[in-house]
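Reviewing the structure listed below.
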Amino acid sequence: GGGGGAGGRGGGGGRRPPPAGGAPRRPRPRGGGAPAPPRPPPPPGPTGFRRSHQQATAAQQIAVAADPAHRRRATTSADLGPLALLAADPGSAAPWVQSALGGLADDDEAAARLRETLWVYLSHGGSLAAAATELHLHKNTIVYRIRKAEQMRGRPLSDARIDVEVALLATRLLGSTVLRPITG
């Protein structure tokens with residue numbers, strides 16, 4: 001066997017914890033390659049100031065809406081990506097995230113492990129080898145977890161993949177505020 005267990009409930013499977021307070025890594029475009037280029041700076045003068053202020057306000061609204069256990073030391077507008085569209089009402093993200101992720105939106109350890117595996121896999125352009133290396137797991141474990149994630153989601157990863165990526169970003173930034181509570 002290589003690395004952690006294939007979907008067992010105990011332990012972290014030997015994976016590295018996410019960087020404390022660091023910005024989440026964005027999934028790369030399909031097919032690998034470099035991440036999207038950085039945004040251009042805002043225009044100079046009052047227009048640029050207004051835009052910068054709007055971006056900072058959006059980042060603040062999303063950061064404040066996050067589950068305190070998942071809040072980052074700093075959240076920038078660049079961290080938000082498409083979640084910036086939710087800044088006016090971050091609470092509206094929960095139903096959409098839960099719909100996009102299906103059972104992966106459950107707020108439990110097993111779903112969290114599968115969400116992390118998908119995030120890393122997508123962050124590396126769908127490379128099993130790169131995901132396995134980062135998570136310190138065998139490639140077969142990554143394959144198993146992707147299949148299990150698709151089962152929990154109720155449909156293939158390729159079905160509305162962009163929704164999956166955005167929903168995973170939301171879970172990373174907002175934590176349990178967008179997840180389905182587990183009762184019992």
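Identifiers in this document derive from the order of the structure tokens: chains are assigned A, B, ..., residues are numbered from 1 separately in each chain, and ligands are numbered from 1 in order of occurrence.
Once segment 146-151 of chain A and its same-chain neighbours fewer than 2 positions away are set aside, Leu104, Ala111, Leu114, Arg115, Thr117, Leu118, Ile142, Val143, Tyr144, Arg153, Gly154, Arg155, Pro156 and Leu157 of chain A remain within 8 Å of it when counting only C-alpha atoms.
Interatomic distance, atom CA of Ala100 of chain A to atom CA of Trp119 of chain A: 14.2 Å.
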Would you list, as JSON, numbers by chain, the residues of segment 55-176 of chain A that end up in alpha helix (DSSP H) under DSSP run on this structure's backbone?
{"A": [55, 56, 57, 58, 59, 60, 61, 62, 63, 64, 65, 77, 78, 79, 80, 93, 94, 95, 96, 97, 98, 99, 100, 101, 109, 110, 111, 112, 113, 114, 115, 116, 117, 118, 119, 120, 121, 122, 123, 128, 129, 130, 131, 132, 133, 134, 135, 139, 140, 141, 142, 143, 144, 145, 146, 147, 148, 149, 150, 151, 152, 153, 161, 162, 163, 164, 165, 166, 167, 168, 169, 170, 171, 172, 173, 174]}
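Atom pair atom CA of Ala66 of chain A / atom CA of Thr177 of chain A: separated by 6.3 Å.
Ranking A:Leu101, A:Pro95, A:Thr183, A:Ala56 by their shortest atom-to-atom distance to Asp159 of chain A, with only C-alpha atoms included, puts A:Leu101 first.
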Any idea what's packed within 7 Å of Asp106 of chain A, counting only C-alpha atoms, ignoring anything in its chain fewer than 4 positions away? Could you give it as a compact mmCIF listing (two decimals) with N, CA, C and O atoms, in the first residue's frame?
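Just written: part29.txt:
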# COMPACT_ATOMS: atom_id res chain seq x y z
N ALA A 111 -16.15 13.48 3.94
CA ALA A 111 -16.41 14.39 2.82
C ALA A 111 -15.29 15.42 2.71
O ALA A 111 -14.87 15.78 1.60
N LEU A 179 -21.58 24.32 4.17
CA LEU A 179 -21.71 22.86 4.18
C LEU A 179 -23.01 22.43 4.84
O LEU A 179 -23.62 23.20 5.60
N ARG A 180 -23.43 21.21 4.56
CA ARG A 180 -24.64 20.64 5.12
C ARG A 180 -24.31 20.05 6.48
O ARG A 180 -23.49 19.12 6.57
N PRO A 181 -24.95 20.54 7.55
CA PRO A 181 -24.67 20.00 8.89
C PRO A 181 -25.07 18.52 8.96
O PRO A 181 -26.07 18.11 8.38
N ILE A 182 -24.29 17.75 9.68
CA ILE A 182 -24.58 16.34 9.89
C ILE A 182 -25.24 16.21 11.26
O ILE A 182 -24.69 16.66 12.26
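For the pair atom CA of Ser127 of chain A and atom CA of Trp96 of chain A, the interatomic distance is 27.0 Å.
Among A:Ser52, A:Ala129, A:Ala170, A:Pro68, the residue with the shortest atom-to-atom distance to Ser92 of chain A, counting only C-alpha atoms, is A:Ala170.
Nearest residue to Tyr121 of chain A among A:Glu165, A:Ala160, A:Ala94, A:Arg50 is A:Glu165, counting only C-alpha atoms.
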